[in-house]
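Student: Quick one: structure below, then a few questions.
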Amino acid sequence: MSVAIYPGSFDPITNGHVSILQSGLTCFDRIIVAVLQNPKKRSLFTVEERVDMIREEFAGEPNIEVDSFGGLLVDYCRRKQVRVVLRGLRAVADFEYELQMANMNRHLNEDVETVFIMANDAYFYVSSNIVKEAATLGGDVSRLVPPSVGSKLLSKLGR
Ligand code: PNS
């Protein structure tokens with residue numbers, strides 16, 4: 001069985017992430033979505049809220065597991081006995097950051113390989129940060145996030 005770990009902040013999950021996961025399921029039998037617990041990074045949603053939102057979105061998909069992790073990604077991969085990390089690639093701006101992370105992860109554990117899936121062009125410029133910024137300023141982001149995330153975003157922002 002082929003398994004990949006799809007790590008990220010997911011603050012919150014966007015349709016871009018959903019699309020990468022759907023494409024990922026054509027390459028892997030099972031994907032573990034791993035939400036980073038990073039107390040140093042200010043986030044809008046708690047790790048538990050982020051995990052719940054992803055679980056809700058993929059409730060009918062038995063091949064997607066949702067979990068959270070702290071510390072090094074390669075250590076989490078070792079604990080889960082998974083050797084493939086899945087990441088999505090959007091605009092050129094992602095490339096250097098992703099190259100750095102993939103190389104660092106390979107340096108830390110050469111048994112872990114990173115594979116990339118190109119983002120769907122509909123979501124090429126969609127990121128959790130830009131979605132949060134637009135929503136905070138009153139913009140309509142309902143087509144960029146799953147419906148349940150959209151409503152949670154609005155209530156989080158007090159609307
Ligand atoms: O969604 P993001 O914020 O781009 O995801 C980044 C993430 C969570 C994949 C990355 O920050 C990560 O793996 N952090 C865990 C700490 C770690 O392993 N660092 C060394 C490799 S960069």
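Letters A, B, ... go to the chains of the structure tokens in the order shown; residues in each chain start at 1; ligands are counted from 1 in the same order.
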Which residues are near ligand 1 - at most 6 Å, using only C-alpha atoms and all ligand atoms? Format: as a list in words.
Tutor: Pro7, Gly8, Ser9, Phe10, Leu36, Gly71, Leu72, Leu73, Met101, Met104 and Asn105 of chain A
Student: Env of Glu48 of chain A: 12 Å cut, atoms = only C-alpha atoms, seq-sep filter 2 positions within chain, self excluded. Answer as a ChimeraX atom specification.
Tutor: /A:9-12,34-37,43-46,50-55,66-69
Student: Where does DSSP see alpha helix (DSSP H) in segment 43-154 of chain A, if you list the residues as an MDAnalysis selection string?
Tutor: chainID A and resid 47:57 73:80 93:108 128:136 147:154
Student: Quick one: residues within 7 Å of Asp111 of chain A, only C-alpha atoms, excluding same-chain residues fewer than 2 positions away - as a list in words?
Tutor: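 The residues that qualify are Arg83, Asn109 and Glu113 of chain A.
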Student: Taking the DSSP secondary structure from the backbone, can you list the residues of segment 15-129 of chain A that are strand (DSSP E or B), as a list in words?
Tutor: Arg30, Ile31, Ile32, Val33, Ala34, Val35, Leu36, Ile64, Glu65, Val66, Asp67, Ser68, Phe69, Val84, Val85, Leu86, Arg87, Gly88, Leu89, Glu113, Thr114, Val115, Phe116, Ile117 and Met118 of chain A
Student: Excluding same-chain residues fewer than 3 positions from Leu86 of chain A, what lies within 8 Å of it counting only C-alpha atoms, as a PyMOL selection string?
Tutor: chain A and resi 4-7+24+114-117
Student: Restricted to all heavy atoms, what would the selected residues look like written as a short mmCIF file (atom, residue, chain, number, x, y, z; two decimals), in the first residue's frame?
Tutor:
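File result-v9.cif, as written:
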```cif
data_model
loop_
_atom_site.label_atom_id
_atom_site.label_comp_id
_atom_site.auth_asym_id
_atom_site.auth_seq_id
_atom_site.Cartn_x
_atom_site.Cartn_y
_atom_site.Cartn_z
N ALA A 4 1.37 8.45 1.72
CA ALA A 4 2.14 9.70 1.77
C ALA A 4 1.63 10.55 2.93
O ALA A 4 0.47 10.43 3.33
CB ALA A 4 1.98 10.47 0.46
N ILE A 5 2.53 11.37 3.42
CA ILE A 5 2.14 12.36 4.44
C ILE A 5 2.04 13.72 3.76
O ILE A 5 2.97 14.12 3.04
CB ILE A 5 3.17 12.37 5.59
CG1 ILE A 5 3.01 11.09 6.41
CG2 ILE A 5 2.99 13.61 6.47
CD1 ILE A 5 4.02 10.92 7.53
N TYR A 6 0.92 14.40 3.97
CA TYR A 6 0.72 15.74 3.39
C TYR A 6 0.74 16.72 4.56
O TYR A 6 -0.26 16.91 5.24
CB TYR A 6 -0.61 15.75 2.64
CG TYR A 6 -0.98 17.05 1.96
CD1 TYR A 6 -0.06 17.74 1.17
CD2 TYR A 6 -2.26 17.57 2.06
CE1 TYR A 6 -0.41 18.92 0.53
CE2 TYR A 6 -2.62 18.75 1.41
CZ TYR A 6 -1.68 19.42 0.66
OH TYR A 6 -2.02 20.60 0.02
N PRO A 7 1.91 17.32 4.83
CA PRO A 7 2.02 18.20 6.00
C PRO A 7 1.71 19.65 5.66
O PRO A 7 1.86 20.08 4.51
CB PRO A 7 3.51 18.06 6.36
CG PRO A 7 4.18 17.93 5.03
CD PRO A 7 3.21 17.23 4.11
N GLY A 24 -3.73 13.78 -5.18
CA GLY A 24 -2.83 12.87 -4.46
C GLY A 24 -3.40 11.46 -4.35
O GLY A 24 -2.66 10.47 -4.41
N THR A 114 10.43 13.70 -1.05
CA THR A 114 9.32 14.65 -1.20
C THR A 114 8.83 14.61 -2.64
O THR A 114 9.65 14.67 -3.57
CB THR A 114 9.78 16.09 -0.88
OG1 THR A 114 10.37 16.11 0.42
CG2 THR A 114 8.61 17.06 -0.90
N VAL A 115 7.54 14.49 -2.82
CA VAL A 115 6.98 14.56 -4.18
C VAL A 115 6.02 15.74 -4.26
O VAL A 115 5.37 16.09 -3.27
CB VAL A 115 6.28 13.25 -4.63
CG1 VAL A 115 7.20 12.07 -4.58
CG2 VAL A 115 5.03 13.00 -3.83
N PHE A 116 5.95 16.33 -5.45
CA PHE A 116 5.12 17.54 -5.62
C PHE A 116 4.02 17.29 -6.64
O PHE A 116 4.22 16.60 -7.63
CB PHE A 116 6.00 18.70 -6.12
CG PHE A 116 7.03 19.11 -5.12
CD1 PHE A 116 8.33 18.61 -5.19
CD2 PHE A 116 6.70 19.97 -4.08
CE1 PHE A 116 9.28 18.97 -4.25
CE2 PHE A 116 7.65 20.33 -3.15
CZ PHE A 116 8.95 19.84 -3.22
N ILE A 117 2.88 17.89 -6.34
CA ILE A 117 1.79 17.89 -7.31
C ILE A 117 1.51 19.35 -7.65
O ILE A 117 1.42 20.21 -6.75
CB ILE A 117 0.53 17.21 -6.72
CG1 ILE A 117 0.77 15.70 -6.67
CG2 ILE A 117 -0.72 17.54 -7.55
CD1 ILE A 117 -0.39 14.89 -6.14
#
```
Student: Could you jot down the atom CA of Phe124 of chain A to atom CA of Val18 of chain A separation for me, Å, one decimal place?
Tutor: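 Atom CA of Val18 of chain A lies 12.7 Å from atom CA of Phe124 of chain A.
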Student: Let me make sure I understand: among A:Asn103, A:Ser23, A:Thr14, A:Asn38, which one has the smallest atom-to-atom distance to Val145 of chain A if we use only C-alpha atoms?
Tutor: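 Counting only C-alpha atoms, the residue closest to Val145 of chain A is A:Thr14.
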Student: Would you mind reading off the distance between atom CA of Ala102 of chain A and atom CA of Arg79 of chain A, one decimal, in Å?
Tutor: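 Here the two named atoms are 18.5 Å from each other.
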Student: Using only C-alpha atoms, determine which residues lie at most 6 Å from Phe28 of chain A, disregarding the query and same-chain residues fewer than 3 positions distant; provide the list as a ChimeraX atom specification.
Tutor: /A:2-3,25
